[in-house]
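S.K.: Mind looking over this structure? Questions follow.
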2 protein chains.
Amino acid sequence: MKAYDGYLLDLDGTMYRGEERIEAASRFVKRLVEAEKPYLFVTNNSTKTPEQVAKKLKEMDIPATKDHVFTTSMATAEYIQKKMKQASVNMIGEEGLRVALEGKGFTLAEEDADYVVVGLDRSINYEKLATACLAVRNGATFLSTNGDIAIPTERGLLPGNGSITSVVTVSTGVEPTFIGKPESIIVDQALDVLGTSKEHTVMVGDNYDTDILAGINAGLDTVIVHTGVTTKEQLVTKERQPIASIDSLDDWDTKL
Amino acid sequence: MKAYDGYLLDLDGTMYRGEERIEAASRFVKRLVEAEKPYLFVTNNSTKTPEQVAKKLKEMDIPATKDHVFTTSMATAEYIQKKMKQASVNMIGEEGLRVALEGKGFTLAEEDADYVVVGLDRSINYEKLATACLAVRNGATFLSTNGDIAIPTERGLLPGNGSITSVVTVSTGVEPTFIGKPESIIVDQALDVLGTSKEHTVMVGDNYDTDILAGINAGLDTVIVHTGVTTKEQLVTKERQPIASIDSLDDWDTKL
């Protein structure tokens, strides 16, 4: 691989696996720090604030501050702000999304909202879904933080935000704009935050269908690391390939 | 219309509109009683017991006992019983579904269930959806009482059971078997209850996409009454037509 000006890094499956450390990830990020290369963790997790994400990374001996974290909740709030300064938003989601929306000064609203945003909400209930449907039927712009269909947990694969979002899609017949990976929206915004160009930034992740496609869709070089979701056997079946695939971030043996 | 041996009647939009009476419906059912013709109310409402439905009908001056009511919850329980006598069932739903399943002696279970049944549940939460997804991933047969995407209420169109069901469909990639209208399953079972033949039974309803298609799919004559969902303008665009369309059940002017 060539040396890049900026590095976009996935979290789960790339920096850690659930609560399990990936030692090579810690070493890799320390190499980035040493080489003074800007990096940004880009995550489809909408539930956590950047502070919470950075805390977890530090506990795993990965150098990170809140400014190194870019969540799909932040990307969603940024997306709305570019379209409408004083928007009112009907939100389904947890703390990470609420803090991101309130941080942009948006008003939270019910069925008369300008925007409906659906993010993962493990306190989902019928009233929240009903209000979101009414708002979309009333003409609100419908966004979803990400289309992930399932979340890996110790119990097995639980419903992801894409499946919760489908309640509103199926009931109203309106398709949302998805913000997170594999969409290019979140990657384009991450580049703005990092301040590097498409040509000189690389996207690194373990999941072909989210991380690698997001990078490809945004026109970036991509590197897949087989420490998470996508196996080598699965990768060879894909039409659009990353520029490199490695078993561990320790195998990234060129200058950063 | 010819005289039929048996009459399958829809409820909302045909017998009443929400809490509003339809006087012609009351007169029509009284004519059926007088003519000693068997009739059965066939409903996609999975939340109510037959006793509760009959009570509402009687309050609207429509002759009805619990034995005149066939809900999609009853049809779903019947469907499972035909496939497996001692099934365990993971249920998302309200009282009508619970009573119907327990009435067949099924055990309610979690992610190790033989069947997953999704019916409208206005106390839906993430844990219920998670357990249903795990059960389907574990190999449970996936059923849904009905695919209605929206429920008309005073507040507007709220999420129907088809939209709630989609959480499990999207997350697991497994399509459910739908039991309610427009599927023929519920109509075939209603005929068994009524004890009349396809050739001599008519399905009457206001909603082309559920009532009329259910009748057509099951091979019955169908009559649409324009007191509810489907307008005349919408009806003419449909390829498969009912044998008659009337503005009011008072216009059913042939011998019953």
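Chain labels follow the order of the structure tokens: the first chain is A, the next B, and so on; residue numbering restarts at 1 in every chain, and ligands are counted from 1 in their shown order.
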Hey, could you make a per-residue contact list for chain A against chain B with 7 Å as the cut-off, showing the nearest pair of atoms and its distance in Å to one decimal, counting only C-alpha atoms, sorted by chain and number, as a tab-separated table?

M.R.:
```
residue	atom	partner	partner_atom	distance
A:Arg122	CA	B:Tyr126	CA	5.3
A:Ser123	CA	B:Tyr126	CA	6.4
A:Ile124	CA	B:Asn125	CA	5.5
A:Asn125	CA	B:Asn125	CA	5.2
A:Tyr126	CA	B:Arg122	CA	5.3
A:Ala130	CA	B:Leu158	CA	5.2
A:Cys133	CA	B:Leu158	CA	6.6
A:Leu134	CA	B:Gly156	CA	6.9
A:Ile149	CA	B:Ser171	CA	4.7
A:Ala150	CA	B:Ser171	CA	5.6
A:Gly156	CA	B:Leu134	CA	6.8
A:Leu157	CA	B:Leu134	CA	6.9
A:Leu158	CA	B:Ala130	CA	5.2
A:Pro159	CA	B:Ser171	CA	5.5
A:Gly160	CA	B:Ser171	CA	6.8
A:Ser163	CA	B:Val167	CA	4.5
A:Ile164	CA	B:Val167	CA	5.6
A:Ser166	CA	B:Ser166	CA	6.3
A:Val167	CA	B:Ser163	CA	4.5
A:Val170	CA	B:Ser163	CA	5.2
A:Ser171	CA	B:Ile149	CA	4.7
```

S.K.: Could the residues in this selection be written to a file with all heavy atoms, as a short mmCIF file (atom, residue, chain, number, x, y, z; two decimals), in the first residue's frame?

M.R.:
```cif
data_model
loop_
_atom_site.label_atom_id
_atom_site.label_comp_id
_atom_site.auth_asym_id
_atom_site.auth_seq_id
_atom_site.Cartn_x
_atom_site.Cartn_y
_atom_site.Cartn_z
N ARG A 122 -33.41 0.77 21.53
CA ARG A 122 -33.80 -0.45 22.24
C ARG A 122 -34.91 -0.18 23.25
O ARG A 122 -35.34 -1.07 23.96
CB ARG A 122 -32.56 -1.10 22.85
CG ARG A 122 -31.74 -1.81 21.75
CD ARG A 122 -30.31 -2.04 22.12
NE ARG A 122 -29.59 -0.77 22.25
CZ ARG A 122 -28.27 -0.68 22.43
NH1 ARG A 122 -27.53 -1.78 22.49
NH2 ARG A 122 -27.70 0.50 22.53
N SER A 123 -35.41 1.09 23.26
CA SER A 123 -36.64 1.40 23.99
C SER A 123 -37.77 1.72 23.00
O SER A 123 -38.67 2.49 23.30
CB SER A 123 -36.43 2.59 24.92
OG SER A 123 -35.40 2.31 25.82
N ILE A 124 -37.68 1.11 21.84
CA ILE A 124 -38.70 1.35 20.82
C ILE A 124 -40.08 0.94 21.36
O ILE A 124 -40.19 0.00 22.13
CB ILE A 124 -38.36 0.54 19.54
CG1 ILE A 124 -39.24 0.95 18.37
CG2 ILE A 124 -38.43 -0.97 19.76
CD1 ILE A 124 -38.94 2.31 17.85
N ASN A 125 -41.11 1.68 20.97
CA ASN A 125 -42.48 1.28 21.32
C ASN A 125 -43.42 1.72 20.21
O ASN A 125 -43.01 2.38 19.25
CB ASN A 125 -42.89 1.85 22.69
CG ASN A 125 -42.85 3.35 22.73
OD1 ASN A 125 -43.21 4.02 21.77
ND2 ASN A 125 -42.38 3.91 23.83
N TYR A 126 -44.68 1.31 20.33
CA TYR A 126 -45.64 1.56 19.26
C TYR A 126 -45.88 3.05 19.06
O TYR A 126 -46.01 3.52 17.92
CB TYR A 126 -46.96 0.84 19.56
CG TYR A 126 -47.92 0.87 18.39
CD1 TYR A 126 -47.75 0.02 17.29
CD2 TYR A 126 -48.99 1.76 18.37
CE1 TYR A 126 -48.61 0.05 16.22
CE2 TYR A 126 -49.86 1.80 17.29
CZ TYR A 126 -49.66 0.94 16.22
OH TYR A 126 -50.52 0.98 15.15
N ALA A 130 -45.63 5.02 15.67
CA ALA A 130 -46.85 5.67 15.17
C ALA A 130 -46.58 7.14 14.84
O ALA A 130 -46.96 7.64 13.77
CB ALA A 130 -47.97 5.55 16.20
N CYS A 133 -44.52 7.49 11.70
CA CYS A 133 -45.33 7.24 10.50
C CYS A 133 -46.21 8.44 10.18
O CYS A 133 -46.32 8.85 9.02
CB CYS A 133 -46.20 6.00 10.69
SG CYS A 133 -45.27 4.45 10.57
N LEU A 134 -46.84 9.00 11.21
CA LEU A 134 -47.70 10.17 10.99
C LEU A 134 -46.88 11.33 10.42
O LEU A 134 -47.31 12.02 9.49
CB LEU A 134 -48.39 10.58 12.29
CG LEU A 134 -49.47 9.61 12.80
CD1 LEU A 134 -49.92 10.01 14.21
CD2 LEU A 134 -50.67 9.59 11.85
N ILE A 149 -29.14 -4.70 9.15
CA ILE A 149 -30.33 -5.52 9.46
C ILE A 149 -30.19 -6.26 10.79
O ILE A 149 -31.18 -6.62 11.39
CB ILE A 149 -30.63 -6.53 8.33
CG1 ILE A 149 -29.47 -7.48 8.09
CG2 ILE A 149 -31.03 -5.79 7.05
CD1 ILE A 149 -29.80 -8.60 7.12
N ALA A 150 -28.97 -6.46 11.25
CA ALA A 150 -28.80 -7.23 12.49
C ALA A 150 -27.58 -6.74 13.26
O ALA A 150 -26.64 -6.19 12.70
CB ALA A 150 -28.65 -8.71 12.17
N GLY A 156 -26.89 -13.70 20.08
CA GLY A 156 -27.12 -14.00 18.66
C GLY A 156 -27.38 -12.70 17.92
O GLY A 156 -27.10 -11.61 18.44
N LEU A 157 -27.91 -12.80 16.70
CA LEU A 157 -28.13 -11.61 15.87
C LEU A 157 -29.47 -10.97 16.22
O LEU A 157 -30.54 -11.55 15.98
CB LEU A 157 -28.08 -11.99 14.39
CG LEU A 157 -26.70 -12.40 13.88
CD1 LEU A 157 -26.81 -13.04 12.50
CD2 LEU A 157 -25.77 -11.19 13.82
N LEU A 158 -29.42 -9.79 16.79
CA LEU A 158 -30.65 -9.07 17.19
C LEU A 158 -31.02 -8.04 16.11
O LEU A 158 -30.19 -7.69 15.27
CB LEU A 158 -30.44 -8.41 18.54
CG LEU A 158 -30.04 -9.34 19.69
CD1 LEU A 158 -30.15 -8.61 21.02
CD2 LEU A 158 -30.89 -10.60 19.71
N PRO A 159 -32.26 -7.56 16.13
CA PRO A 159 -32.70 -6.64 15.07
C PRO A 159 -31.86 -5.37 15.01
O PRO A 159 -31.69 -4.69 16.02
CB PRO A 159 -34.15 -6.32 15.45
CG PRO A 159 -34.58 -7.34 16.44
CD PRO A 159 -33.34 -7.87 17.09
N GLY A 160 -31.36 -5.05 13.85
CA GLY A 160 -30.60 -3.83 13.64
C GLY A 160 -31.50 -2.69 13.18
O GLY A 160 -32.70 -2.88 12.95
N SER A 163 -33.92 -2.91 10.17
CA SER A 163 -35.18 -3.65 10.36
C SER A 163 -36.21 -2.80 11.11
O SER A 163 -37.40 -2.84 10.80
CB SER A 163 -34.94 -4.99 11.05
OG SER A 163 -34.47 -4.82 12.36
N ILE A 164 -35.75 -2.01 12.06
CA ILE A 164 -36.68 -1.09 12.77
C ILE A 164 -37.19 -0.03 11.80
O ILE A 164 -38.38 0.29 11.76
CB ILE A 164 -35.98 -0.41 13.97
CG1 ILE A 164 -35.41 -1.45 14.95
CG2 ILE A 164 -36.93 0.56 14.67
CD1 ILE A 164 -36.41 -2.31 15.67
N SER A 166 -37.72 -0.31 8.78
CA SER A 166 -38.67 -0.86 7.81
C SER A 166 -40.12 -0.72 8.26
O SER A 166 -41.03 -0.73 7.41
CB SER A 166 -38.35 -2.33 7.52
OG SER A 166 -38.71 -3.16 8.60
N VAL A 167 -40.38 -0.59 9.54
CA VAL A 167 -41.76 -0.37 10.00
C VAL A 167 -42.33 0.88 9.33
O VAL A 167 -43.44 0.87 8.79
CB VAL A 167 -41.84 -0.22 11.54
CG1 VAL A 167 -43.26 0.13 11.97
CG2 VAL A 167 -41.36 -1.49 12.24
N VAL A 170 -42.47 0.39 5.34
CA VAL A 170 -43.57 -0.47 4.90
C VAL A 170 -44.91 0.20 5.15
O VAL A 170 -45.81 0.17 4.30
CB VAL A 170 -43.50 -1.84 5.61
CG1 VAL A 170 -44.76 -2.66 5.38
CG2 VAL A 170 -42.27 -2.63 5.12
N SER A 171 -45.06 0.85 6.30
CA SER A 171 -46.36 1.43 6.63
C SER A 171 -46.70 2.64 5.76
O SER A 171 -47.86 2.82 5.37
CB SER A 171 -46.43 1.81 8.11
OG SER A 171 -47.76 2.15 8.45
#
```

S.K.: If you run DSSP over the backbone, which residues in segment 32-255 of chain A end up helix (DSSP H, G or I)? Put them as JSON, numbers by chain.

M.R.: {"A": [32, 33, 34, 50, 51, 52, 53, 54, 55, 56, 57, 58, 59, 66, 67, 68, 72, 73, 74, 75, 76, 77, 78, 79, 80, 81, 82, 83, 95, 96, 97, 98, 99, 100, 101, 102, 103, 126, 127, 128, 129, 130, 131, 132, 133, 134, 135, 136, 137, 161, 162, 163, 164, 165, 166, 167, 168, 169, 170, 171, 172, 184, 185, 186, 187, 188, 189, 190, 191, 192, 193, 194, 198, 199, 200, 208, 209, 210, 211, 212, 213, 214, 215, 216, 217, 218, 232, 233, 234, 235, 236, 249, 250, 251]}

S.K.: Write out as a ChimeraX atom specification which residues come within 10 Å of segment 95-105 of chain A when counting only C-alpha atoms, dropping same-chain ones fewer than 3 positions away.

M.R.: /A:45-53,71-78,80-81,85-89,91-92,108,117-121,145

S.K.: For the residues selected in the previous step, produce a file with N, CA, C and O atoms as a compact mmCIF listing (two decimals), in the first residue's frame.

M.R.:
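And here is the file that came out, selection_5.txt:
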```txt
# COMPACT_ATOMS: atom_id res chain seq x y z
N ASN A 45 -22.70 2.87 14.46
CA ASN A 45 -23.36 2.85 15.78
C ASN A 45 -23.90 4.24 16.09
O ASN A 45 -23.14 5.19 16.26
N SER A 46 -25.22 4.35 16.14
CA SER A 46 -25.87 5.65 16.37
C SER A 46 -26.17 5.89 17.83
O SER A 46 -26.62 6.97 18.20
N THR A 47 -25.97 4.88 18.68
CA THR A 47 -26.47 4.97 20.05
C THR A 47 -25.51 5.66 21.00
O THR A 47 -25.92 6.15 22.04
N LYS A 48 -24.23 5.68 20.66
CA LYS A 48 -23.22 6.22 21.59
C LYS A 48 -22.75 7.61 21.17
O LYS A 48 -22.70 7.93 19.98
N THR A 49 -22.36 8.40 22.16
CA THR A 49 -21.75 9.71 21.88
C THR A 49 -20.27 9.48 21.54
O THR A 49 -19.69 8.46 21.91
N PRO A 50 -19.63 10.46 20.87
CA PRO A 50 -18.20 10.29 20.57
C PRO A 50 -17.36 10.13 21.84
O PRO A 50 -16.38 9.40 21.85
N GLU A 51 -17.76 10.79 22.93
CA GLU A 51 -17.04 10.64 24.19
C GLU A 51 -17.08 9.18 24.66
O GLU A 51 -16.07 8.63 25.12
N GLN A 52 -18.27 8.56 24.55
CA GLN A 52 -18.41 7.17 25.00
C GLN A 52 -17.58 6.22 24.13
O GLN A 52 -16.96 5.29 24.64
N VAL A 53 -17.55 6.50 22.82
CA VAL A 53 -16.77 5.66 21.93
C VAL A 53 -15.27 5.80 22.24
O VAL A 53 -14.54 4.80 22.34
N THR A 71 -19.65 9.41 14.26
CA THR A 71 -20.75 8.43 14.27
C THR A 71 -21.77 8.79 13.20
O THR A 71 -21.84 9.93 12.73
N THR A 72 -22.58 7.82 12.84
CA THR A 72 -23.64 8.08 11.86
C THR A 72 -24.68 9.05 12.40
O THR A 72 -25.35 9.75 11.63
N SER A 73 -24.78 9.15 13.73
CA SER A 73 -25.66 10.17 14.31
C SER A 73 -25.14 11.57 14.02
O SER A 73 -25.90 12.48 13.68
N MET A 74 -23.82 11.74 14.14
CA MET A 74 -23.21 13.04 13.83
C MET A 74 -23.38 13.34 12.34
O MET A 74 -23.67 14.48 11.96
N ALA A 75 -23.20 12.32 11.50
CA ALA A 75 -23.34 12.51 10.05
C ALA A 75 -24.78 12.89 9.70
O ALA A 75 -25.02 13.72 8.82
N THR A 76 -25.74 12.29 10.41
CA THR A 76 -27.16 12.58 10.16
C THR A 76 -27.48 14.02 10.55
O THR A 76 -28.16 14.74 9.80
N ALA A 77 -26.99 14.44 11.70
CA ALA A 77 -27.24 15.81 12.16
C ALA A 77 -26.61 16.81 11.19
O ALA A 77 -27.22 17.84 10.84
N GLU A 78 -25.41 16.49 10.74
CA GLU A 78 -24.71 17.34 9.78
C GLU A 78 -25.49 17.43 8.45
O GLU A 78 -25.62 18.51 7.86
N ILE A 80 -28.71 17.06 7.98
CA ILE A 80 -29.92 17.90 8.13
C ILE A 80 -29.52 19.37 8.14
O ILE A 80 -30.14 20.20 7.48
N GLN A 81 -28.45 19.69 8.88
CA GLN A 81 -28.04 21.10 9.00
C GLN A 81 -27.71 21.72 7.64
O GLN A 81 -28.00 22.89 7.40
N LYS A 85 -31.46 24.92 8.37
CA LYS A 85 -30.77 25.37 9.58
C LYS A 85 -31.59 25.11 10.86
O LYS A 85 -31.09 24.61 11.85
N GLN A 86 -32.87 25.48 10.80
CA GLN A 86 -33.70 25.47 12.03
C GLN A 86 -34.69 24.31 12.02
O GLN A 86 -35.85 24.49 12.35
N ALA A 87 -34.25 23.14 11.66
CA ALA A 87 -35.18 22.03 11.47
C ALA A 87 -35.75 21.53 12.80
O ALA A 87 -35.09 21.59 13.84
N SER A 88 -36.99 21.03 12.73
CA SER A 88 -37.54 20.25 13.84
C SER A 88 -37.48 18.78 13.44
O SER A 88 -37.69 18.43 12.28
N VAL A 89 -37.15 17.95 14.41
CA VAL A 89 -36.85 16.54 14.11
C VAL A 89 -37.64 15.63 15.03
O VAL A 89 -37.64 15.78 16.25
N MET A 91 -37.51 12.04 16.34
CA MET A 91 -36.40 11.10 16.46
C MET A 91 -36.83 9.79 17.11
O MET A 91 -37.50 9.78 18.12
N ILE A 92 -36.43 8.68 16.49
CA ILE A 92 -36.42 7.39 17.18
C ILE A 92 -34.94 7.08 17.36
O ILE A 92 -34.19 7.04 16.36
N LEU A 108 -36.64 18.94 18.97
CA LEU A 108 -37.29 17.64 18.85
C LEU A 108 -38.80 17.86 18.76
O LEU A 108 -39.35 18.70 19.48
N VAL A 117 -36.03 10.99 11.84
CA VAL A 117 -34.76 10.25 11.84
C VAL A 117 -34.94 8.98 12.67
O VAL A 117 -35.35 9.05 13.83
N VAL A 118 -34.65 7.85 12.05
CA VAL A 118 -34.70 6.58 12.79
C VAL A 118 -33.29 6.05 12.99
O VAL A 118 -32.54 5.84 12.03
N GLY A 119 -32.95 5.88 14.26
CA GLY A 119 -31.70 5.22 14.65
C GLY A 119 -32.04 4.10 15.61
O GLY A 119 -33.17 4.03 16.11
N LEU A 120 -31.09 3.24 15.87
CA LEU A 120 -31.37 2.10 16.74
C LEU A 120 -31.90 2.59 18.09
O LEU A 120 -31.32 3.49 18.70
N ASP A 121 -33.00 2.00 18.55
CA ASP A 121 -33.63 2.42 19.80
C ASP A 121 -34.13 1.16 20.50
O ASP A 121 -35.15 0.60 20.12
N THR A 145 -30.35 6.41 10.18
CA THR A 145 -28.90 6.49 10.44
C THR A 145 -28.13 5.40 9.72
O THR A 145 -26.99 5.59 9.32
```

S.K.: Mind listing the strand (DSSP E) residues of segment 59-218 of chain B, per DSSP on the backbone, as number ranges by chain?

M.R.: B: 69-71, 88-92, 107-108, 115-118, 141-144, 150-153, 156-159, 177-178, 201-205

S.K.: Asp251 of chain A: which residues within 10 Å, counting only C-alpha atoms, same-chain residues fewer than 4 positions away excluded, as a list in words?

M.R.: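 Surrounding residues, per the criterion: Ala24, Phe28, Val225, Ser245, Ile246 and Asp247 of chain A.
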
S.K.: Using all heavy atoms, can you export the residues from the last selection as a PDB file, in the first residue's frame?

M.R.:
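part26.pdb was written with the following content:
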```pdb
ATOM      1  N   ALA A  24      -3.439  -6.062  17.419  1.00  0.00           N
ATOM      2  CA  ALA A  24      -2.837  -5.474  16.212  1.00  0.00           C
ATOM      3  C   ALA A  24      -3.456  -4.117  15.898  1.00  0.00           C
ATOM      4  O   ALA A  24      -2.781  -3.229  15.349  1.00  0.00           O
ATOM      5  CB  ALA A  24      -3.008  -6.421  15.030  1.00  0.00           C
ATOM      6  N   PHE A  28      -1.508  -0.658  15.405  1.00  0.00           N
ATOM      7  CA  PHE A  28      -1.669   0.087  14.147  1.00  0.00           C
ATOM      8  C   PHE A  28      -1.980   1.564  14.414  1.00  0.00           C
ATOM      9  O   PHE A  28      -1.378   2.456  13.799  1.00  0.00           O
ATOM     10  CB  PHE A  28      -2.791  -0.552  13.315  1.00  0.00           C
ATOM     11  CG  PHE A  28      -2.994   0.073  11.970  1.00  0.00           C
ATOM     12  CD1 PHE A  28      -2.136  -0.206  10.911  1.00  0.00           C
ATOM     13  CD2 PHE A  28      -4.049   0.954  11.740  1.00  0.00           C
ATOM     14  CE1 PHE A  28      -2.322   0.376   9.656  1.00  0.00           C
ATOM     15  CE2 PHE A  28      -4.243   1.545  10.497  1.00  0.00           C
ATOM     16  CZ  PHE A  28      -3.383   1.249   9.449  1.00  0.00           C
ATOM     17  N   VAL A 225      -9.693  -5.945   6.338  1.00  0.00           N
ATOM     18  CA  VAL A 225      -8.911  -6.731   7.292  1.00  0.00           C
ATOM     19  C   VAL A 225      -9.825  -7.842   7.826  1.00  0.00           C
ATOM     20  O   VAL A 225     -10.942  -7.578   8.284  1.00  0.00           O
ATOM     21  CB  VAL A 225      -8.333  -5.820   8.413  1.00  0.00           C
ATOM     22  CG1 VAL A 225      -9.401  -4.987   9.087  1.00  0.00           C
ATOM     23  CG2 VAL A 225      -7.545  -6.631   9.439  1.00  0.00           C
ATOM     24  N   SER A 245      -6.325  -6.888   0.790  1.00  0.00           N
ATOM     25  CA  SER A 245      -6.974  -7.605   1.900  1.00  0.00           C
ATOM     26  C   SER A 245      -5.877  -8.206   2.755  1.00  0.00           C
ATOM     27  O   SER A 245      -4.908  -8.791   2.248  1.00  0.00           O
ATOM     28  CB  SER A 245      -7.913  -8.692   1.370  1.00  0.00           C
ATOM     29  OG  SER A 245      -7.196  -9.792   0.883  1.00  0.00           O
ATOM     30  N   ILE A 246      -6.014  -8.040   4.083  1.00  0.00           N
ATOM     31  CA  ILE A 246      -4.972  -8.510   5.020  1.00  0.00           C
ATOM     32  C   ILE A 246      -5.633  -9.260   6.166  1.00  0.00           C
ATOM     33  O   ILE A 246      -6.814  -9.047   6.470  1.00  0.00           O
ATOM     34  CB  ILE A 246      -4.128  -7.332   5.564  1.00  0.00           C
ATOM     35  CG1 ILE A 246      -5.027  -6.215   6.135  1.00  0.00           C
ATOM     36  CG2 ILE A 246      -3.219  -6.779   4.473  1.00  0.00           C
ATOM     37  CD1 ILE A 246      -4.266  -5.001   6.649  1.00  0.00           C
ATOM     38  N   ASP A 247      -4.883 -10.160   6.774  1.00  0.00           N
ATOM     39  CA  ASP A 247      -5.426 -10.958   7.870  1.00  0.00           C
ATOM     40  C   ASP A 247      -5.427 -10.187   9.180  1.00  0.00           C
ATOM     41  O   ASP A 247      -6.233 -10.460  10.074  1.00  0.00           O
ATOM     42  CB  ASP A 247      -4.599 -12.237   8.058  1.00  0.00           C
ATOM     43  CG  ASP A 247      -4.803 -13.207   6.913  1.00  0.00           C
ATOM     44  OD1 ASP A 247      -5.924 -13.222   6.363  1.00  0.00           O
ATOM     45  OD2 ASP A 247      -3.847 -13.922   6.557  1.00  0.00           O
TER      46      ASP A 247
END
```

S.K.: For Val42 of chain A, which residue among A:Val174, A:Met203, A:Ile22, A:Ala64 is the nearest when counting only C-alpha atoms?

M.R.: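 For Val42 of chain A, the nearest of the given residues is A:Met203.
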
S.K.: What lies within 10 Å of Met84 of chain B using only C-alpha atoms, ignoring chain neighbours under 5 positions off, as a ChimeraX atom specification?

M.R.: /B:79,106,114-115

S.K.: Go ahead and save the residues from that selection, with all heavy atoms, as an mmCIF file, in the first residue's frame.

M.R.:
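Result file out_35.cif:
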```cif
data_model
loop_
_atom_site.group_PDB
_atom_site.id
_atom_site.type_symbol
_atom_site.label_atom_id
_atom_site.label_comp_id
_atom_site.auth_asym_id
_atom_site.auth_seq_id
_atom_site.Cartn_x
_atom_site.Cartn_y
_atom_site.Cartn_z
ATOM 1 N N TYR B 79 -54.411 -22.977 11.966
ATOM 2 C CA TYR B 79 -53.366 -23.323 10.983
ATOM 3 C C TYR B 79 -52.237 -24.097 11.655
ATOM 4 O O TYR B 79 -51.768 -25.117 11.142
ATOM 5 C CB TYR B 79 -52.838 -22.036 10.346
ATOM 6 C CG TYR B 79 -51.745 -22.235 9.326
ATOM 7 C CD1 TYR B 79 -52.052 -22.422 7.985
ATOM 8 C CD2 TYR B 79 -50.401 -22.209 9.698
ATOM 9 C CE1 TYR B 79 -51.043 -22.588 7.034
ATOM 10 C CE2 TYR B 79 -49.389 -22.380 8.764
ATOM 11 C CZ TYR B 79 -49.712 -22.564 7.432
ATOM 12 O OH TYR B 79 -48.717 -22.732 6.502
ATOM 13 N N PHE B 106 -51.571 -24.539 23.040
ATOM 14 C CA PHE B 106 -50.162 -24.312 22.721
ATOM 15 C C PHE B 106 -49.439 -23.701 23.920
ATOM 16 O O PHE B 106 -50.024 -22.936 24.689
ATOM 17 C CB PHE B 106 -50.007 -23.379 21.518
ATOM 18 C CG PHE B 106 -50.616 -23.916 20.263
ATOM 19 C CD1 PHE B 106 -51.382 -23.104 19.447
ATOM 20 C CD2 PHE B 106 -50.446 -25.245 19.893
ATOM 21 C CE1 PHE B 106 -51.958 -23.590 18.287
ATOM 22 C CE2 PHE B 106 -51.019 -25.751 18.739
ATOM 23 C CZ PHE B 106 -51.787 -24.922 17.930
ATOM 24 N N ASP B 114 -41.359 -23.518 18.386
ATOM 25 C CA ASP B 114 -41.571 -24.137 17.072
ATOM 26 C C ASP B 114 -42.100 -23.118 16.066
ATOM 27 O O ASP B 114 -41.811 -23.185 14.882
ATOM 28 C CB ASP B 114 -42.596 -25.274 17.185
ATOM 29 C CG ASP B 114 -42.167 -26.361 18.154
ATOM 30 O OD1 ASP B 114 -41.012 -26.791 18.062
ATOM 31 O OD2 ASP B 114 -42.990 -26.752 19.007
ATOM 32 N N TYR B 115 -42.937 -22.217 16.551
ATOM 33 C CA TYR B 115 -43.546 -21.204 15.681
ATOM 34 C C TYR B 115 -43.311 -19.808 16.250
ATOM 35 O O TYR B 115 -43.307 -19.629 17.469
ATOM 36 C CB TYR B 115 -45.071 -21.414 15.573
ATOM 37 C CG TYR B 115 -45.432 -22.543 14.637
ATOM 38 C CD1 TYR B 115 -45.397 -23.871 15.077
ATOM 39 C CD2 TYR B 115 -45.797 -22.293 13.319
ATOM 40 C CE1 TYR B 115 -45.714 -24.912 14.216
ATOM 41 C CE2 TYR B 115 -46.115 -23.324 12.460
ATOM 42 C CZ TYR B 115 -46.075 -24.633 12.909
ATOM 43 O OH TYR B 115 -46.382 -25.651 12.051
#
```

S.K.: From the list A:Val202, A:Ala140, A:Ala135, A:Ala214, which residue is nearest Arg240 of chain A when using only C-alpha atoms?

M.R.: A:Ala214

S.K.: Could you check how far atom CA of Thr43 of chain A sits from atom CA of Lys66 of chain A, in Å to one decimal?

M.R.: 12.8 Å

S.K.: Calculate how many Å separate atom CA of Gly228 of chain B from atom CA of Glu36 of chain B, rounding to one decimal.

M.R.: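 Interatomic distance here is 26.7 Å.
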
S.K.: What's the 10 Å shell around segment 229-239 of chain A, counting only C-alpha atoms, without same-chain residues fewer than 4 positions away, as a short mmCIF file (atom, residue, chain, number, x, y, z; two decimals) with N, CA and C atoms, in the first residue's frame?

M.R.:
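Resulting contents of result-v3.cif:
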```cif
data_model
loop_
_atom_site.label_atom_id
_atom_site.label_comp_id
_atom_site.auth_asym_id
_atom_site.auth_seq_id
_atom_site.Cartn_x
_atom_site.Cartn_y
_atom_site.Cartn_z
N ASP A 12 -16.11 -1.91 15.23
CA ASP A 12 -16.35 -3.31 15.63
C ASP A 12 -15.92 -4.27 14.51
N GLY A 13 -15.06 -5.21 14.88
CA GLY A 13 -14.52 -6.16 13.90
C GLY A 13 -13.18 -5.72 13.34
N THR A 14 -12.86 -4.42 13.53
CA THR A 14 -11.61 -3.86 13.02
C THR A 14 -10.71 -3.41 14.18
N ARG A 17 -13.49 -6.72 18.87
CA ARG A 17 -14.64 -7.59 18.56
C ARG A 17 -15.53 -7.60 19.79
N PRO A 152 -24.72 -8.14 15.98
CA PRO A 152 -24.18 -9.32 16.66
C PRO A 152 -24.08 -9.08 18.17
N GLY A 205 -11.64 -1.47 6.97
CA GLY A 205 -12.70 -2.12 7.75
C GLY A 205 -12.76 -3.61 7.50
N ASP A 206 -13.60 -4.28 8.29
CA ASP A 206 -13.70 -5.75 8.21
C ASP A 206 -14.92 -6.22 7.45
N ASN A 207 -15.87 -5.30 7.21
CA ASN A 207 -17.17 -5.70 6.65
C ASN A 207 -17.28 -5.21 5.21
N TYR A 208 -17.27 -6.14 4.28
CA TYR A 208 -17.34 -5.73 2.87
C TYR A 208 -18.58 -4.90 2.58
N ASP A 209 -19.74 -5.38 3.07
CA ASP A 209 -21.02 -4.78 2.67
C ASP A 209 -21.27 -3.40 3.26
N ILE A 224 -9.44 -4.19 3.29
CA ILE A 224 -10.24 -5.05 4.17
C ILE A 224 -9.31 -5.84 5.07
N VAL A 225 -9.69 -5.95 6.34
CA VAL A 225 -8.91 -6.73 7.29
C VAL A 225 -9.82 -7.84 7.83
N SER A 245 -6.32 -6.89 0.79
CA SER A 245 -6.97 -7.60 1.90
C SER A 245 -5.88 -8.21 2.75
N ILE A 246 -6.01 -8.04 4.08
CA ILE A 246 -4.97 -8.51 5.02
C ILE A 246 -5.63 -9.26 6.17
N ASP A 247 -4.88 -10.16 6.77
CA ASP A 247 -5.43 -10.96 7.87
C ASP A 247 -5.43 -10.19 9.18
#
```
